[in-house]
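Undergrad: This is the structure I have questions about; it appears just below.
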Amino acid sequence: MKKVLLALFIAMMFGSTMAYEPPDEGMWLPMFVERLNYVDMQEMGLQLTAEEIYSINNSSLKDAIVGLSGGGVGGFFCTGEIVSDKGLLFTNHHCGYNKIQSHSTVEHDYLKDGFWAMSLEEELPNEGMAASFLVRMEDVTDSIIPFLSDTLTESERSAEVRKIRTRLAKRAEEDGKYAARVSTFYGGNEFYLFVYTVYKDIRLVGAPPSSIGKYGGDTDNWMWPRHTGDFSIFRVYTGPEGESAEYAKENIPLKPAHHLPISLDGYKEGDFAMIWGYPGGTERFLTSFGIEYKLDAFLPTLIEIFNAQLQAWKAHMDADQAVRIQYASKYAGLANAWKLFIGQTRGLKRLNVYGKKQVIEEAFQNWADSSPETKEKYGNVLKNFEDSYAILTSEFPLLVYTALAANSPEILKYANQYSQLLELYNSKADDEIIDETIAQLKDGMAKHFKNYYAPADEDAFAALMEVYHTNVPIEKQPEYFLELLEDFDGNFVYLADYVFNNSIFDSEEQINVFLDKPKKKALAKDPALKLAADFQGLMGQVMGGYRTANAQIGEYNRLFIAGLREMSPDKVFYPEANSSMRMTYGSVQDYVAADAVFYDYYTTLAGVMEKEDASNDEFFVEEDLKILYANKDFGRYGEMIDGKERMIVCFLTTNDITGGNSGSPVINGKGELIGIAFDGNWEAMSGDITFEPELQRTINVDIRYVLFIIDKMAGAQNLIDELTIVDTPKTKMVKTINVETKTVTETSIN
């Protein structure tokens, strides 16, 4: 009976009866939309042609989707969308947070008060920010796989793949006209080329106050119901001839190939919704052994480390407005990851993801053992996974606690930049080389200290050193660290006080004095640099086992994915997210979070007022917003619900997204913008590893709330006028009764 049930399960999970993933699941490559997804999308409500969605010859939706990065191609931290014919770009507030913070001062606190440019001249340039537009994508698997010999070791194979990928990308760049990269798919079984135009003059145009853009703060992060106006506005600039160019006053707004019209018509439950963007990474093929590793080593270690650092920073941020501004972006990023890891731990356990993976693996193993050919190729894959993950589980904590000690205290991370200078002194290098190194250090000094506050870092140092000492075997801790700890009777606060009072690296003034008259002796005796050097040295010692096991897992993962696809030839597997452009489609939907816990699919401004807490800056409500709400002054952005005028703030869709999709456009069946994606929900935090169709939801800010804030709160009519707004006249049905014939006629009027 057990074998019969197993066979039935395999047929259900992998057989031809399930050729595609459920419509809501999957981050699909747009180049395959017509072949794989178009019919499903039409049935769900798509009204565009396949050519209007993705085309390399004509304007299409893809031309309005932007990958945001720190300057290069790939590794996009967020997504944005072009919403005007002058290069105006919408993304999330948390995506623009770092840049908003960089322009903020105590006198002009744009994080607290918001920022709005009322003209092009008022827009603020942002160093180290780039917007990438996809020109085309191409399957280049046949240009790589046939040139990889079966006799290559895994390291040799990786080296050969890198060489070919580099050559293909360079050829596609056409002598600098484009930027290109070749990305790995299906664990290294397929490869795709992505060609981009990259613009590097990106200017801040608008941002609401954090009381709107970050409403709910860490408390509401990853939670529904949500009431956050999570948006910010930038503009892409080009050179005078439309070319990519660094910032210059003479640059002009981008003339895009396509921009998204904005719909004020709203949506209802069940309406089609698609999201485009650059999701960073998923682990949908992770095995049960990988789940064990996550729960036993990876997640608890990072949660402990991040928590210690956050608590130390928060105390100083709460006490000093200038420090709050300095650390706002760093804190927000770390806090987001910390809460994500807590939620992921909860989700993996609560949803029994480990057990679900085991069922798939049992089916895989039975298939692998079913013939001599498959057994030889795939029979040992799962056992090899088990052995390698056991090594990772034992090695990861030591590696991460050591990396924490070396890099998490900012003073040590910064001091380590000077280790090369000390080596040059020790090797008696030429004065010219030393002078060049000193010049480079001077160039980077101001950037480091702009967002640095030594007392906050000192408290973080003390907390993190205690975490390190508690969790790492004594024999694996550096001698100098243990000597200092003994000198201060195990008191980490005293140890931190000594390091910071005797190091040149805790203030810009001391570094300036040193660099004006640098001396080898000052570096050699500096406690921060000595600790940084010792911890960095240990990193090399503890890295070996982890690196080897990780490389082996990469090899087994490629085999496992190849086997799954071979086992189920009629099933279409979408690839893992890897920061390449993807499209996901689903619908607007509510959900049941738990027994007797039902969540509607939208929230309104009434919820903002209900959550208001004047004593908690996470739930502070601007006075102007309260007045607009009290007067129901929503303009054309409100909606009649149950006979009352409401201002919808956020809504839910079933789209499949992950990190990197922040800022992605939520688009209706007509190709119009209806919202901006910004979060996932707490009940499905294991979504990067397994999709939960009944629970998994994307949280989006309604585009009408975005425009309401721009228009009614900011008074930025210049931005509203720039948009292409679709506002279908609302119709009402009027009943006319003919008394003589006793008939009723309904007529629609505007």
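Letters A, B, ... go to the chains of the structure tokens in the order shown; residues in each chain start at 1; ligands are counted from 1 in the same order.
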If you count only C-alpha atoms, which residues fall within 12 Å of Leu340 of chain A, apart from same-chain ones fewer than 2 positions away, as a PyMOL selection string?

TA: chain A and resi 218+221-223+299-300+302-303+306+333-338+342-348+658-659+679-688

Undergrad: Can you pull out every residue within 8 Å of Ile82 of chain A, counting only C-alpha atoms, but drop anything in the same chain fewer than 2 positions away, and send it as a ChimeraX atom specification?

TA: /A:64-66,80,84,87-90,256,258-260

Undergrad: What are the DSSP helix (DSSP H, G or I) residues of segment 163-233 of chain A, as an MDAnalysis selection string?

TA: chainID A and resid 163:172 186:188 210:213 217:220

Undergrad: May I have the residues within 8 Å of Val198 of chain A as a PyMOL selection string, using only C-alpha atoms and disregarding those fewer than 3 positions away in the same chain?

TA: chain A and resi 73+130-133+178-179+244

Undergrad: Just to confirm, what's the straight-line distance from atom CA of Tyr418 of chain A to atom CA of Lys447 of chain A in Å (one decimal)?

TA: 15.4 Å

Undergrad: Just want the 9 Å neighbourhood of Asp85 of chain A, counted on only C-alpha atoms, with same-chain residues fewer than 6 positions away dropped. Output as a PyMOL selection string.

TA: chain A and resi 253-259+722-724

Undergrad: Restricting the calculation to only C-alpha atoms, which member of A:Leu134, A:Ala403, A:Val182, A:Ala549 is positioned closest to Ile56 of chain A?

TA: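 The answer is A:Leu134, which sits nearest to Ile56 of chain A.
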
Undergrad: Please give the complete set of residues from segment 28-73 of chain A that DSSP, run on the backbone, assigns to strand (DSSP E or B), formatted as an MDAnalysis selection string.

TA: chainID A and resid 28 65:69

Undergrad: For Ile689 of chain A, list every protein, DNA or RNA residue within 7 Å, evaluated using only C-alpha atoms, and leave out those in the same chain fewer than 2 positions away; present the list as number ranges by chain.

TA: A: 282-284, 286, 686-687, 691

Undergrad: Would you mind exporting C-alpha atoms of the selected residues as a tab-separated table (two decimals), in the first residue's frame?

TA:
chain	number	residue	atom	x	y	z
A	282	THR	CA	15.57	31.90	-3.64
A	283	GLU	CA	16.32	28.35	-2.49
A	284	ARG	CA	13.33	26.42	-3.79
A	286	LEU	CA	16.95	23.27	-1.01
A	686	SER	CA	9.71	30.41	4.56
A	687	GLY	CA	8.61	31.47	1.06
A	691	PHE	CA	5.94	28.52	-1.95

Undergrad: Could you give me, as an NGL selection string, the residues within 12 Å of Arg565 of chain A, counting only C-alpha atoms and dropping anything in the same chain fewer than 3 positions from it?

TA: :A and (14-15 or 19 or 186-187 or 189 or 285 or 364 or 367 or 558-562 or 568-575)

Undergrad: Using only C-alpha atoms for the distances, tell me which of A:Tyr196, A:Phe76, A:Tyr110, A:Phe708 is nearest to Phe634 of chain A.

TA: A:Phe708

Undergrad: For segment 450-462 of chain A, please output as a short mmCIF file (atom, residue, chain, number, x, y, z; two decimals) with N, CA and C atoms, in the first residue's frame all residues within 6 Å (counting only C-alpha atoms; exclusion window: fewer than 2 positions along the same chain).

TA:
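Saved as out.cif:
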data_model
loop_
_atom_site.label_atom_id
_atom_site.label_comp_id
_atom_site.auth_asym_id
_atom_site.auth_seq_id
_atom_site.Cartn_x
_atom_site.Cartn_y
_atom_site.Cartn_z
N GLN A 309 24.09 43.67 17.96
CA GLN A 309 24.51 44.92 17.31
C GLN A 309 23.37 45.93 17.27
N ALA A 312 22.75 47.69 20.67
CA ALA A 312 23.78 48.69 20.99
C ALA A 312 23.56 49.97 20.20
N TRP A 313 23.27 49.85 18.93
CA TRP A 313 23.04 51.03 18.09
C TRP A 313 21.78 51.79 18.53
N HIS A 316 21.79 54.52 21.33
CA HIS A 316 22.38 55.80 20.95
C HIS A 316 21.52 56.54 19.94
N GLN A 326 22.63 59.29 11.23
CA GLN A 326 23.84 58.58 10.80
C GLN A 326 23.61 57.09 10.64
N PRO A 409 32.27 45.03 14.35
CA PRO A 409 32.64 46.31 14.95
C PRO A 409 33.24 47.21 13.87
N ALA A 446 36.51 60.35 4.72
CA ALA A 446 35.31 61.15 4.97
C ALA A 446 34.04 60.32 4.83
N LYS A 447 34.02 59.43 3.85
CA LYS A 447 32.84 58.59 3.63
C LYS A 447 32.59 57.69 4.84
N HIS A 448 33.66 57.13 5.42
CA HIS A 448 33.50 56.26 6.58
C HIS A 448 32.96 57.04 7.78
N LEU A 464 29.47 42.53 20.93
CA LEU A 464 29.84 41.54 19.93
C LEU A 464 31.04 40.71 20.38
N MET A 465 31.98 41.32 21.07
CA MET A 465 33.12 40.55 21.58
C MET A 465 32.68 39.53 22.62
N PHE A 492 33.98 43.11 29.31
CA PHE A 492 34.02 43.52 27.91
C PHE A 492 33.83 45.03 27.74
N VAL A 493 33.16 45.67 28.67
CA VAL A 493 33.00 47.12 28.62
C VAL A 493 34.35 47.79 28.83
N ALA A 496 36.53 47.27 25.75
CA ALA A 496 36.15 48.17 24.67
C ALA A 496 36.65 49.59 24.94
N ASP A 506 39.10 55.66 15.93
CA ASP A 506 37.76 55.98 16.40
C ASP A 506 37.34 57.41 16.09
#

Undergrad: Under the rule of at most 8 Å, produce a per-residue listing of segment 268-336 of chain A near segment 98-109 of chain A: chain, number, name, the closest pair of atoms, and the distance in Å, as a tab-separated table, using only C-alpha atoms.

TA:
residue	atom	partner	partner_atom	distance
A:Gln321	CA	A:Val106	CA	7.0
A:Ala322	CA	A:Val106	CA	6.0
A:Ile325	CA	A:Gln101	CA	6.4
A:Gln326	CA	A:Gln101	CA	7.5
A:Ala328	CA	A:Gln101	CA	7.1
A:Ser329	CA	A:Asn98	CA	5.2

Undergrad: Atom CA of Asp201 of chain A and atom CA of Arg324 of chain A, how far apart in Å?

TA: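 Rounded to one decimal, the two atoms are 27.7 Å apart.
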
Undergrad: Which one is closest to Val513 of chain A: A:Gly675, A:Pro125, A:Glu25, A:Lys442? Count only C-alpha atoms.

TA: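 Residue with the minimum atom-to-atom distance to Val513 of chain A: A:Lys442.
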
Undergrad: Which of these residues is nearest to Lys200 of chain A, using only C-alpha atoms: A:Asn126, A:Gln477, A:Asn426, A:Asn407?

TA: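 Closest to Lys200 of chain A, using only C-alpha atoms: A:Asn126.
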
Undergrad: Quick one: distance from atom CA of Ile725 of chain A to atom CA of Leu204 of chain A in Å, one decimal?

TA: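 The value is 21.9 Å.
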